[in-house]
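Report on the following structure.
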Protein chains: 4
Amino acid sequence: MRNNIKQQAIFLFQKKGFSETSIQDIVEAVHVTKGSFYYYFTSKESLLMEIHMDYIENLLAEQHRLYEPTSQSAREKLTGTVVLLLTKIKEDGASARIFYREMRHLQEAGYSHIVERRNQFRRQIEEVITEGIHNREFRQNLNPALTTLALLGITNWSYQWFDPDGELSDREAAAYFVDLLLHGMLPKEHE
Amino acid sequence: MRNNIKQQAIFLFQKKGFSETSIQDIVEAVHVTKGSFYYYFTSKESLLMEIHMDYIENLLAEQHRLYEPTSQSAREKLTGTVVLLLTKIKEDGASARIFYREMRHLQEAGYSHIVERRNQFRRQIEEVITEGIHNREFRQNLNPALTTLALLGITNWSYQWFDPDGELSDREAAAYFVDLLLHGMLPKEHE
Amino acid sequence: MRNNIKQQAIFLFQKKGFSETSIQDIVEAVHVTKGSFYYYFTSKESLLMEIHMDYIENLLAEQHRLYEPTSQSAREKLTGTVVLLLTKIKEDGASARIFYREMRHLQEAGYSHIVERRNQFRRQIEEVITEGIHNREFRQNLNPALTTLALLGITNWSYQWFDPDGELSDREAAAYFVDLLLHGMLPKEHE
Amino acid sequence: MRNNIKQQAIFLFQKKGFSETSIQDIVEAVHVTKGSFYYYFTSKESLLMEIHMDYIENLLAEQHRLYEPTSQSAREKLTGTVVLLLTKIKEDGASARIFYREMRHLQEAGYSHIVERRNQFRRQIEEVITEGIHNREFRQNLNPALTTLALLGITNWSYQWFDPDGELSDREAAAYFVDLLLHGMLPKEHE
DNA sequence: TATGAATGAGCTTTCATTCAT
DNA sequence: AATGAATGAAAGCTCATTCAT
């Protein structure tokens, strides 16, 4: 039940937006009464918070799993990150879209917490890039912070156009973006 | 007056969101009455539409001006595009954020129109890239559509973190992103 | 309209209690819509506050008028006070009952204000009694504070049983209570 | 358990009011579940009725014990009554305050019953006064009904200001009020 | 050109109560 | 004896919009 409500809410928040989705909308979709909703959740906003928490904690856990093996090169980790983010769209696209759009409806305390976790995710990517620079896997004059923001821009923007049922698969898109990021748009000198 | 209302609305929509901003909020900010608002605008949504139209039409006009001179290389046009988009944040940040966040509140007719104009902007970037491939300015196996989406991802995501009053200027950020897109992250072979 | 709402609210609050009276109840009695209510009052509680303010300010004004003439004896002032309070029941009984019963529904700020004004009314009665003791109009071992509380107890309790349409008039009740307070229940010594 | 619930309810009803106290509030205070509440009480209102019954029956019993000994003078009985009522504040203040404030939430049948018992208490005081008049303990032109209401006003109003932990004890307050009622405020003639 | 009164639909939330277990 | 899930009605309040002036 609790989970049922959450799933329907994710679907509706993503489709119509948090403010535009009423508790009525949610309980109608789940075929229960408003009373039931408030038996399981203390407020509409606490439901949103829970959705945010589920999403970011899961993402951080996957990032942790990805970066753990010390044997991997920075380049492999970076590729893994892009794949992770694009794959998430297929599986968790609705949650992700909510995450990047409805955060402002959280109240101060929850908001700060989510921002902190979100920054953590970003900083860990920055570290991988810094590592790659030291390794000489990447070029020396890269700016890790800006490069991370570029990477996140590319992947997060995908939530606006990527169609999991379209011709282009998540892995193909990820592969293309990694290649673009690594090699750039210019022809190789010997071409 | 009309313009006054629009400016305050842009500020409030950006700060609090479209749904969270009431007509009351707007008219209080402008120091007029609700009646006045409805003298100038037929609905809250038509005001939003107008804000969207102003933004996209202005953007398309600037794109037109940028791409017109046939003497320019694809690379120069691309650089210009990134600079244009990042510069807009400083000057028009609020409108831009509304544009990418509140579009869903437009009703069908307006929505489609905006989407069409937005696609037009995107396709014209695609064309520049295609041109550059033919020119051999860019490498031959670039995917113009995906590359454009990467470029838009990087620039549009900037609205989430770019601080016009921060240390990094809009031009510096643009320069870095263009360089990253063109050369990629890997070291040059002879390095 | 504003006043109309207030009058009906006073009637309903007195009859059913503040919490038990819904905005719906009030607007139905006035034959307007809920929207109208909130056009005139910012909240149910602010309406209650206004009722309290009207009541206590009016009472203090009447007390002021009563105590002003310096020619009057303490005894006359005291008589006037009892008459004032009992007369108010006939004219303002509903407001009075609300005043002594629903104060706790005011929020902190308003509550403190009302308490302060209420104490002021009480202290001014105390002063009259103190004055009468110095004058030797009253006996020397009276406790002004407790005597005032006794007087207020007698009059305020009247709101529980006094029927303005009954056989006993307000003036008769007042006369009796003044006499009782002044002379007590015991027979005179020479009786 | 049953009693536990009742005690907590008395505390909460007195502190927050009947309507403002939810079943949830009560069961949380007792550390049981809502289901348990309804195992012991049929409704919130029946709990209130029971509190009222406990209070008034106890009060009547104490009055009975007080008035029984035929040897006592009317004056002694009256003094006993005032002491009884003021002492009750210290011991049963919460119940008393509920009694005089929340009666209106009882439904018709229970309400009438309580009113009847309450009147009985009042009438028995009236009888003592009537007795005292016949005895010539009190002056001949006393009105027993109004005098009783004055006495009840003084004592019941005490629930609004009397602080059992303050400097003034219940017995001292009672003594003062009895003295005031018996002798009045005026100086003795030979003073 | 501008106002202010009025509306009605809808919102989030609370709560006494029921009932199968 | 006690629980916890579920309900439905109603609460206070907000808000885009209308319209006579």
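Chain labels run A, B, ... following the order of the structure tokens; each chain numbers its residues from 1, and ligands are numbered from 1 in the order shown.
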* To do: Do a neighbour search on segment 5-16 of chain E at 10 Å with only C-alpha atoms (C1' of nucleotides), toss out local chain neighbours closer than 5 positions, and write the hits as a ChimeraX atom specification.
  => /A:22-24,34-35,38,42-44 /C:32-37,39-40 /D:22-24,43-44 /F:9-15,17-20
* Asked: Which residues, written as a list in words, have at least one atom at most 9 Å from Leu142 of chain B, with only C-alpha atoms (C1' of nucleotides) counted and residues fewer than 3 positions away on the same chain left out?
  ->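 Once the adjacent positions are removed, what remains is Tyr176, Leu180 and Met185 of chain A; Ile129, Thr130, Ile133, Phe138, Arg139, Ala145, Leu146 and Thr147 of chain B.
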Interface residues on chain D facing chain C, 9 Å, only C-alpha atoms, written as a PDB file with N, CA and C atoms, in the first residue's frame:
ATOM      1  N   LYS D  16      -6.329  21.780  26.753  1.00  0.00           N
ATOM      2  CA  LYS D  16      -6.536  22.198  25.370  1.00  0.00           C
ATOM      3  C   LYS D  16      -7.990  22.384  24.994  1.00  0.00           C
ATOM      4  N   GLY D  17      -8.882  21.908  25.817  1.00  0.00           N
ATOM      5  CA  GLY D  17     -10.296  21.958  25.467  1.00  0.00           C
ATOM      6  C   GLY D  17     -10.742  20.646  24.850  1.00  0.00           C
ATOM      7  N   SER D  19     -12.844  19.925  22.258  1.00  0.00           N
ATOM      8  CA  SER D  19     -12.799  19.817  20.792  1.00  0.00           C
ATOM      9  C   SER D  19     -11.368  19.764  20.272  1.00  0.00           C
ATOM     10  N   GLU D  20     -10.486  20.449  20.949  1.00  0.00           N
ATOM     11  CA  GLU D  20      -9.105  20.540  20.483  1.00  0.00           C
ATOM     12  C   GLU D  20      -8.293  19.304  20.874  1.00  0.00           C
ATOM     13  N   ARG D 101     -16.979  24.228  31.533  1.00  0.00           N
ATOM     14  CA  ARG D 101     -16.618  24.773  30.222  1.00  0.00           C
ATOM     15  C   ARG D 101     -17.055  23.878  29.075  1.00  0.00           C
ATOM     16  N   ARG D 104     -21.385  21.842  27.199  1.00  0.00           N
ATOM     17  CA  ARG D 104     -22.184  21.957  25.969  1.00  0.00           C
ATOM     18  C   ARG D 104     -21.871  20.872  24.937  1.00  0.00           C
ATOM     19  N   HIS D 105     -20.780  20.146  25.124  1.00  0.00           N
ATOM     20  CA  HIS D 105     -20.484  19.088  24.163  1.00  0.00           C
ATOM     21  C   HIS D 105     -21.206  17.782  24.461  1.00  0.00           C
ATOM     22  N   ARG D 136     -33.246  33.475  61.536  1.00  0.00           N
ATOM     23  CA  ARG D 136     -32.776  34.824  61.864  1.00  0.00           C
ATOM     24  C   ARG D 136     -31.231  34.868  61.976  1.00  0.00           C
ATOM     25  N   GLU D 137     -30.604  33.839  61.448  1.00  0.00           N
ATOM     26  CA  GLU D 137     -29.149  33.952  61.340  1.00  0.00           C
ATOM     27  C   GLU D 137     -28.789  34.976  60.263  1.00  0.00           C
ATOM     28  N   PHE D 138     -29.616  35.039  59.208  1.00  0.00           N
ATOM     29  CA  PHE D 138     -29.361  35.998  58.128  1.00  0.00           C
ATOM     30  C   PHE D 138     -30.446  37.046  58.134  1.00  0.00           C
ATOM     31  N   ARG D 139     -30.171  38.135  57.427  1.00  0.00           N
ATOM     32  CA  ARG D 139     -31.194  39.189  57.430  1.00  0.00           C
ATOM     33  C   ARG D 139     -32.419  38.759  56.622  1.00  0.00           C
ATOM     34  N   GLN D 140     -33.529  39.377  56.959  1.00  0.00           N
ATOM     35  CA  GLN D 140     -34.823  38.908  56.473  1.00  0.00           C
ATOM     36  C   GLN D 140     -35.064  39.173  54.988  1.00  0.00           C
ATOM     37  N   LEU D 142     -33.097  38.905  52.479  1.00  0.00           N
ATOM     38  CA  LEU D 142     -32.220  38.242  51.500  1.00  0.00           C
ATOM     39  C   LEU D 142     -33.053  37.510  50.468  1.00  0.00           C
ATOM     40  N   ASN D 143     -32.540  37.478  49.249  1.00  0.00           N
ATOM     41  CA  ASN D 143     -33.161  36.667  48.200  1.00  0.00           C
ATOM     42  C   ASN D 143     -32.325  35.394  48.086  1.00  0.00           C
ATOM     43  N   LEU D 146     -30.873  34.555  44.430  1.00  0.00           N
ATOM     44  CA  LEU D 146     -29.820  35.452  43.957  1.00  0.00           C
ATOM     45  C   LEU D 146     -28.576  35.370  44.823  1.00  0.00           C
ATOM     46  N   THR D 147     -28.794  35.171  46.104  1.00  0.00           N
ATOM     47  CA  THR D 147     -27.642  35.075  46.999  1.00  0.00           C
ATOM     48  C   THR D 147     -26.819  33.819  46.677  1.00  0.00           C
ATOM     49  N   LEU D 149     -26.645  32.426  43.770  1.00  0.00           N
ATOM     50  CA  LEU D 149     -25.939  32.685  42.519  1.00  0.00           C
ATOM     51  C   LEU D 149     -24.712  33.560  42.752  1.00  0.00           C
ATOM     52  N   ALA D 150     -24.821  34.467  43.695  1.00  0.00           N
ATOM     53  CA  ALA D 150     -23.659  35.295  44.022  1.00  0.00           C
ATOM     54  C   ALA D 150     -22.552  34.415  44.601  1.00  0.00           C
ATOM     55  N   LEU D 151     -22.939  33.549  45.528  1.00  0.00           N
ATOM     56  CA  LEU D 151     -21.958  32.660  46.150  1.00  0.00           C
ATOM     57  C   LEU D 151     -21.303  31.771  45.103  1.00  0.00           C
ATOM     58  N   LEU D 152     -22.092  31.200  44.232  1.00  0.00           N
ATOM     59  CA  LEU D 152     -21.535  30.329  43.190  1.00  0.00           C
ATOM     60  C   LEU D 152     -20.674  31.120  42.214  1.00  0.00           C
ATOM     61  N   GLY D 153     -21.090  32.355  41.953  1.00  0.00           N
ATOM     62  CA  GLY D 153     -20.296  33.195  41.067  1.00  0.00           C
ATOM     63  C   GLY D 153     -18.905  33.390  41.652  1.00  0.00           C
ATOM     64  N   ILE D 154     -18.865  33.750  42.919  1.00  0.00           N
ATOM     65  CA  ILE D 154     -17.574  33.998  43.564  1.00  0.00           C
ATOM     66  C   ILE D 154     -16.694  32.751  43.527  1.00  0.00           C
ATOM     67  N   THR D 155     -17.267  31.625  43.900  1.00  0.00           N
ATOM     68  CA  THR D 155     -16.435  30.415  43.968  1.00  0.00           C
ATOM     69  C   THR D 155     -16.083  29.879  42.582  1.00  0.00           C
ATOM     70  N   ASN D 156     -17.062  29.821  41.703  1.00  0.00           N
ATOM     71  CA  ASN D 156     -16.769  29.244  40.392  1.00  0.00           C
ATOM     72  C   ASN D 156     -15.818  30.121  39.594  1.00  0.00           C
ATOM     73  N   TRP D 157     -15.938  31.412  39.773  1.00  0.00           N
ATOM     74  CA  TRP D 157     -15.025  32.311  39.061  1.00  0.00           C
ATOM     75  C   TRP D 157     -13.577  32.087  39.506  1.00  0.00           C
ATOM     76  N   SER D 158     -13.439  31.559  40.703  1.00  0.00           N
ATOM     77  CA  SER D 158     -12.091  31.294  41.217  1.00  0.00           C
ATOM     78  C   SER D 158     -11.303  30.364  40.301  1.00  0.00           C
ATOM     79  N   TRP D 161      -8.774  32.196  38.210  1.00  0.00           N
ATOM     80  CA  TRP D 161      -7.597  32.929  38.690  1.00  0.00           C
ATOM     81  C   TRP D 161      -6.869  32.230  39.835  1.00  0.00           C
ATOM     82  N   ALA D 173      -8.593  31.941  51.069  1.00  0.00           N
ATOM     83  CA  ALA D 173      -9.510  32.559  50.116  1.00  0.00           C
ATOM     84  C   ALA D 173     -10.949  32.320  50.564  1.00  0.00           C
ATOM     85  N   TYR D 176     -11.900  34.489  53.481  1.00  0.00           N
ATOM     86  CA  TYR D 176     -12.136  35.881  53.099  1.00  0.00           C
ATOM     87  C   TYR D 176     -13.507  36.047  52.447  1.00  0.00           C
ATOM     88  N   PHE D 177     -13.816  35.155  51.523  1.00  0.00           N
ATOM     89  CA  PHE D 177     -15.087  35.292  50.799  1.00  0.00           C
ATOM     90  C   PHE D 177     -16.286  35.113  51.736  1.00  0.00           C
ATOM     91  N   ASP D 179     -16.352  35.812  54.894  1.00  0.00           N
ATOM     92  CA  ASP D 179     -16.424  37.040  55.688  1.00  0.00           C
ATOM     93  C   ASP D 179     -17.058  38.163  54.881  1.00  0.00           C
ATOM     94  N   LEU D 180     -16.631  38.290  53.649  1.00  0.00           N
ATOM     95  CA  LEU D 180     -17.167  39.353  52.792  1.00  0.00           C
ATOM     96  C   LEU D 180     -18.666  39.170  52.588  1.00  0.00           C
ATOM     97  N   LEU D 181     -19.050  37.935  52.312  1.00  0.00           N
ATOM     98  CA  LEU D 181     -20.467  37.667  52.071  1.00  0.00           C
ATOM     99  C   LEU D 181     -21.292  37.937  53.330  1.00  0.00           C
ATOM    100  N   LEU D 182     -20.754  37.583  54.453  1.00  0.00           N
ATOM    101  CA  LEU D 182     -21.527  37.752  55.682  1.00  0.00           C
ATOM    102  C   LEU D 182     -21.588  39.214  56.126  1.00  0.00           C
ATOM    103  N   HIS D 183     -20.440  39.885  56.128  1.00  0.00           N
ATOM    104  CA  HIS D 183     -20.407  41.239  56.698  1.00  0.00           C
ATOM    105  C   HIS D 183     -20.486  42.365  55.687  1.00  0.00           C
ATOM    106  N   GLY D 184     -20.208  42.095  54.438  1.00  0.00           N
ATOM    107  CA  GLY D 184     -20.265  43.156  53.437  1.00  0.00           C
ATOM    108  C   GLY D 184     -19.057  44.070  53.496  1.00  0.00           C
ATOM    109  N   MET D 185     -19.103  45.076  52.645  1.00  0.00           N
ATOM    110  CA  MET D 185     -17.943  45.947  52.491  1.00  0.00           C
ATOM    111  C   MET D 185     -17.998  47.187  53.395  1.00  0.00           C
ATOM    112  N   LEU D 186     -19.165  47.543  53.841  1.00  0.00           N
ATOM    113  CA  LEU D 186     -19.279  48.798  54.601  1.00  0.00           C
ATOM    114  C   LEU D 186     -18.697  48.659  56.001  1.00  0.00           C
ATOM    115  N   PRO D 187     -18.275  49.748  56.574  1.00  0.00           N
ATOM    116  CA  PRO D 187     -17.780  49.704  57.949  1.00  0.00           C
ATOM    117  C   PRO D 187     -18.942  49.450  58.906  1.00  0.00           C
ATOM    118  N   LYS D 188     -18.642  48.858  60.025  1.00  0.00           N
ATOM    119  CA  LYS D 188     -19.679  48.664  61.057  1.00  0.00           C
ATOM    120  C   LYS D 188     -20.085  50.031  61.570  1.00  0.00           C
ATOM    121  N   GLU D 189     -21.329  50.106  61.994  1.00  0.00           N
ATOM    122  CA  GLU D 189     -21.825  51.418  62.393  1.00  0.00           C
ATOM    123  C   GLU D 189     -21.033  52.066  63.525  1.00  0.00           C
ATOM    124  N   GLU D 191     -18.018  51.815  64.106  1.00  0.00           N
ATOM    125  CA  GLU D 191     -16.615  52.103  63.782  1.00  0.00           C
ATOM    126  C   GLU D 191     -16.371  53.595  63.641  1.00  0.00           C
TER     127      GLU D 191
END
* Asked: Got a sec: who's within 8 Å of Ile114 of chain C, counting only C-alpha atoms (C1' of nucleotides), leaving out chain neighbours fewer than 4 positions off, as a VMD selection string?
  -> chain C and resid 52 to 53 56 110 118
Please dump the current selection as an mmCIF file, in the first residue's frame; keep all heavy atoms.
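Saved file part_32.cif follows:
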data_model
loop_
_atom_site.group_PDB
_atom_site.id
_atom_site.type_symbol
_atom_site.label_atom_id
_atom_site.label_comp_id
_atom_site.auth_asym_id
_atom_site.auth_seq_id
_atom_site.Cartn_x
_atom_site.Cartn_y
_atom_site.Cartn_z
ATOM 1 N N HIS C 52 -13.230 40.025 20.228
ATOM 2 C CA HIS C 52 -12.675 40.281 21.556
ATOM 3 C C HIS C 52 -12.285 41.753 21.721
ATOM 4 O O HIS C 52 -12.560 42.366 22.742
ATOM 5 C CB HIS C 52 -11.446 39.395 21.796
ATOM 6 C CG HIS C 52 -11.775 38.073 22.381
ATOM 7 N ND1 HIS C 52 -12.253 37.026 21.639
ATOM 8 C CD2 HIS C 52 -11.725 37.616 23.666
ATOM 9 C CE1 HIS C 52 -12.457 35.985 22.441
ATOM 10 N NE2 HIS C 52 -12.155 36.315 23.664
ATOM 11 N N MET C 53 -11.638 42.274 20.701
ATOM 12 C CA MET C 53 -11.204 43.667 20.777
ATOM 13 C C MET C 53 -12.400 44.605 20.920
ATOM 14 O O MET C 53 -12.407 45.489 21.768
ATOM 15 C CB MET C 53 -10.401 44.036 19.526
ATOM 16 C CG MET C 53 -8.997 43.492 19.544
ATOM 17 S SD MET C 53 -7.999 44.242 20.854
ATOM 18 C CE MET C 53 -7.601 45.827 20.093
ATOM 19 N N ILE C 56 -13.767 44.317 24.599
ATOM 20 C CA ILE C 56 -12.995 44.842 25.725
ATOM 21 C C ILE C 56 -12.754 46.343 25.597
ATOM 22 O O ILE C 56 -12.790 47.080 26.593
ATOM 23 C CB ILE C 56 -11.660 44.068 25.920
ATOM 24 C CG1 ILE C 56 -10.967 44.470 27.227
ATOM 25 C CG2 ILE C 56 -10.713 44.291 24.754
ATOM 26 C CD1 ILE C 56 -11.690 44.041 28.465
ATOM 27 N N GLY C 110 -2.287 37.945 20.181
ATOM 28 C CA GLY C 110 -3.596 38.500 20.475
ATOM 29 C C GLY C 110 -4.028 38.168 21.894
ATOM 30 O O GLY C 110 -4.584 39.011 22.597
ATOM 31 N N ARG C 118 -7.783 43.176 29.827
ATOM 32 C CA ARG C 118 -8.699 42.608 30.810
ATOM 33 C C ARG C 118 -8.174 42.903 32.220
ATOM 34 O O ARG C 118 -8.935 43.289 33.106
ATOM 35 C CB ARG C 118 -8.717 41.099 30.576
ATOM 36 C CG ARG C 118 -9.816 40.369 31.248
ATOM 37 C CD ARG C 118 -9.811 38.958 30.707
ATOM 38 N NE ARG C 118 -10.616 38.076 31.525
ATOM 39 C CZ ARG C 118 -11.048 36.899 31.130
ATOM 40 N NH1 ARG C 118 -10.752 36.464 29.918
ATOM 41 N NH2 ARG C 118 -11.776 36.146 31.920
#
For the interface of chain F with chain D (cut-off 12 Å, counting only C-alpha atoms (C1' of nucleotides)), please tabulate each contacting residue of chain F alongside its nearest pair of atoms and their separation in Å to one decimal, rows sorted by chain and increasing number, as JSON lines.
{"residue": "F:DA1", "atom": "C1'", "partner": "D:Ser36", "partner_atom": "CA", "distance": 8.1}
{"residue": "F:DA2", "atom": "C1'", "partner": "D:Ser36", "partner_atom": "CA", "distance": 5.7}
{"residue": "F:DT3", "atom": "C1'", "partner": "D:Gly35", "partner_atom": "CA", "distance": 6.3}
{"residue": "F:DG4", "atom": "C1'", "partner": "D:Gly35", "partner_atom": "CA", "distance": 7.9}
{"residue": "F:DA5", "atom": "C1'", "partner": "D:Gly35", "partner_atom": "CA", "distance": 10.9}
Same residues, N, CA, C and O atoms (P, O5', C5', C4', C3', O3' and C1' of nucleotides), output as a PDB file, in the first residue's frame:
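As a result, part15.pdb now contains:
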ATOM      1  P    DA F   1     -11.035  -7.586  29.538  1.00  0.00           P
ATOM      2  O5'  DA F   1      -9.830  -7.554  28.492  1.00  0.00           O
ATOM      3  C5'  DA F   1      -8.566  -7.950  28.963  1.00  0.00           C
ATOM      4  C4'  DA F   1      -7.531  -7.556  27.959  1.00  0.00           C
ATOM      5  C3'  DA F   1      -7.477  -6.052  27.684  1.00  0.00           C
ATOM      6  O3'  DA F   1      -6.115  -5.699  27.734  1.00  0.00           O
ATOM      7  C1'  DA F   1      -7.750  -7.244  25.657  1.00  0.00           C
ATOM      8  P    DA F   2      -5.605  -4.294  27.480  1.00  0.00           P
ATOM      9  O5'  DA F   2      -5.432  -4.337  25.904  1.00  0.00           O
ATOM     10  C5'  DA F   2      -4.442  -5.220  25.384  1.00  0.00           C
ATOM     11  C4'  DA F   2      -4.364  -5.057  23.891  1.00  0.00           C
ATOM     12  C3'  DA F   2      -4.274  -3.612  23.396  1.00  0.00           C
ATOM     13  O3'  DA F   2      -2.952  -3.448  22.898  1.00  0.00           O
ATOM     14  C1'  DA F   2      -5.699  -4.941  22.035  1.00  0.00           C
ATOM     15  P    DT F   3      -2.499  -2.137  22.214  1.00  0.00           P
ATOM     16  O5'  DT F   3      -2.716  -2.525  20.699  1.00  0.00           O
ATOM     17  C5'  DT F   3      -2.010  -3.651  20.180  1.00  0.00           C
ATOM     18  C4'  DT F   3      -2.387  -3.839  18.735  1.00  0.00           C
ATOM     19  C3'  DT F   3      -2.176  -2.576  17.901  1.00  0.00           C
ATOM     20  O3'  DT F   3      -1.126  -2.835  17.006  1.00  0.00           O
ATOM     21  C1'  DT F   3      -4.232  -3.656  17.393  1.00  0.00           C
ATOM     22  P    DG F   4      -0.240  -1.667  16.515  1.00  0.00           P
ATOM     23  O5'  DG F   4      -0.680  -1.673  14.998  1.00  0.00           O
ATOM     24  C5'  DG F   4      -0.952  -2.883  14.323  1.00  0.00           C
ATOM     25  C4'  DG F   4      -1.743  -2.570  13.057  1.00  0.00           C
ATOM     26  C3'  DG F   4      -1.433  -1.208  12.453  1.00  0.00           C
ATOM     27  O3'  DG F   4      -1.746  -1.288  11.070  1.00  0.00           O
ATOM     28  C1'  DG F   4      -3.653  -1.217  13.053  1.00  0.00           C
ATOM     29  P    DA F   5      -0.865  -0.745   9.988  1.00  0.00           P
ATOM     30  O5'  DA F   5      -1.771  -0.921   8.693  1.00  0.00           O
ATOM     31  C5'  DA F   5      -2.443  -2.152   8.480  1.00  0.00           C
ATOM     32  C4'  DA F   5      -3.852  -1.893   8.009  1.00  0.00           C
ATOM     33  C3'  DA F   5      -3.967  -0.809   6.940  1.00  0.00           C
ATOM     34  O3'  DA F   5      -4.686  -1.362   5.870  1.00  0.00           O
ATOM     35  C1'  DA F   5      -5.527  -0.409   8.676  1.00  0.00           C
TER      36       DA F   5
END
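Those residues of chain E that fall within 12 Å of chain B when using only C-alpha atoms (C1' of nucleotides) read E:DT1, E:DA2, E:DT3, E:DG4, E:DA5.
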Would you save the residues of that selection, restricted to all heavy atoms, as a short mmCIF file (atom, residue, chain, number, x, y, z; two decimals), in the first residue's frame?
data_model
loop_
_atom_site.label_atom_id
_atom_site.label_comp_id
_atom_site.auth_asym_id
_atom_site.auth_seq_id
_atom_site.Cartn_x
_atom_site.Cartn_y
_atom_site.Cartn_z
P DT E 1 -5.52 52.25 -22.04
OP1 DT E 1 -5.91 51.00 -22.52
OP2 DT E 1 -4.66 53.21 -22.37
"O5'" DT E 1 -6.11 52.46 -20.54
"C5'" DT E 1 -5.78 53.66 -19.86
"C4'" DT E 1 -6.27 53.55 -18.47
"O4'" DT E 1 -7.70 53.39 -18.46
"C3'" DT E 1 -5.72 52.36 -17.68
"O3'" DT E 1 -4.98 52.92 -16.61
"C2'" DT E 1 -6.95 51.61 -17.18
"C1'" DT E 1 -8.04 52.67 -17.28
N1 DT E 1 -9.44 52.19 -17.49
C2 DT E 1 -10.39 52.44 -16.53
O2 DT E 1 -10.15 53.02 -15.49
N3 DT E 1 -11.65 51.99 -16.82
C4 DT E 1 -12.04 51.32 -17.97
O4 DT E 1 -13.21 50.94 -18.12
C5 DT E 1 -11.01 51.09 -18.94
C7 DT E 1 -11.32 50.39 -20.21
C6 DT E 1 -9.76 51.52 -18.67
P DA E 2 -4.15 52.08 -15.63
OP1 DA E 2 -3.20 52.95 -14.91
OP2 DA E 2 -3.68 50.89 -16.34
"O5'" DA E 2 -5.28 51.70 -14.60
"C5'" DA E 2 -5.90 52.77 -13.85
"C4'" DA E 2 -6.95 52.20 -12.94
"O4'" DA E 2 -8.07 51.76 -13.71
"C3'" DA E 2 -6.51 50.99 -12.12
"O3'" DA E 2 -6.37 51.44 -10.79
"C2'" DA E 2 -7.63 49.97 -12.31
"C1'" DA E 2 -8.74 50.80 -12.93
N9 DA E 2 -9.64 50.12 -13.87
C8 DA E 2 -9.31 49.47 -15.03
N7 DA E 2 -10.34 48.98 -15.67
C5 DA E 2 -11.42 49.33 -14.89
C6 DA E 2 -12.82 49.10 -15.01
N6 DA E 2 -13.35 48.43 -16.05
N1 DA E 2 -13.62 49.58 -14.04
C2 DA E 2 -13.06 50.24 -13.02
N3 DA E 2 -11.77 50.52 -12.79
C4 DA E 2 -11.00 50.03 -13.77
P DT E 3 -5.98 50.45 -9.64
OP1 DT E 3 -5.31 51.23 -8.59
OP2 DT E 3 -5.36 49.23 -10.19
"O5'" DT E 3 -7.43 50.10 -9.12
"C5'" DT E 3 -8.24 51.17 -8.60
"C4'" DT E 3 -9.58 50.61 -8.21
"O4'" DT E 3 -10.24 50.05 -9.36
"C3'" DT E 3 -9.51 49.46 -7.20
"O3'" DT E 3 -9.99 49.94 -5.97
"C2'" DT E 3 -10.36 48.34 -7.79
"C1'" DT E 3 -11.11 49.05 -8.90
N1 DT E 3 -11.43 48.21 -10.09
C2 DT E 3 -12.75 47.92 -10.35
O2 DT E 3 -13.66 48.29 -9.63
N3 DT E 3 -12.97 47.18 -11.48
C4 DT E 3 -12.01 46.71 -12.36
O4 DT E 3 -12.32 46.06 -13.36
C5 DT E 3 -10.65 47.04 -12.04
C7 DT E 3 -9.53 46.59 -12.92
C6 DT E 3 -10.42 47.77 -10.92
P DG E 4 -9.45 49.40 -4.63
OP1 DG E 4 -9.11 50.56 -3.79
OP2 DG E 4 -8.46 48.32 -4.87
"O5'" DG E 4 -10.78 48.72 -4.07
"C5'" DG E 4 -12.06 49.26 -4.40
"C4'" DG E 4 -13.09 48.16 -4.22
"O4'" DG E 4 -13.27 47.45 -5.47
"C3'" DG E 4 -12.71 47.09 -3.21
"O3'" DG E 4 -13.90 46.50 -2.74
"C2'" DG E 4 -11.99 46.06 -4.08
"C1'" DG E 4 -12.94 46.09 -5.27
N9 DG E 4 -12.37 45.56 -6.49
C8 DG E 4 -11.04 45.43 -6.81
N7 DG E 4 -10.86 44.92 -8.00
C5 DG E 4 -12.14 44.71 -8.49
C6 DG E 4 -12.57 44.16 -9.72
O6 DG E 4 -11.89 43.77 -10.66
N1 DG E 4 -13.96 44.12 -9.81
C2 DG E 4 -14.82 44.55 -8.81
N2 DG E 4 -16.11 44.42 -9.06
N3 DG E 4 -14.42 45.05 -7.66
C4 DG E 4 -13.07 45.09 -7.56
P DA E 5 -14.16 46.25 -1.28
OP1 DA E 5 -14.42 47.56 -0.67
OP2 DA E 5 -13.12 45.36 -0.73
"O5'" DA E 5 -15.53 45.45 -1.37
"C5'" DA E 5 -16.59 45.98 -2.16
"C4'" DA E 5 -17.26 44.84 -2.90
"O4'" DA E 5 -16.44 44.41 -4.01
"C3'" DA E 5 -17.53 43.60 -2.06
"O3'" DA E 5 -18.90 43.29 -2.22
"C2'" DA E 5 -16.60 42.54 -2.63
"C1'" DA E 5 -16.45 43.00 -4.08
N9 DA E 5 -15.21 42.62 -4.75
C8 DA E 5 -13.93 42.89 -4.33
N7 DA E 5 -13.01 42.47 -5.17
C5 DA E 5 -13.72 41.90 -6.21
C6 DA E 5 -13.32 41.27 -7.40
N6 DA E 5 -12.06 41.11 -7.77
N1 DA E 5 -14.29 40.81 -8.23
C2 DA E 5 -15.57 40.97 -7.87
N3 DA E 5 -16.06 41.54 -6.76
C4 DA E 5 -15.08 41.99 -5.97
#
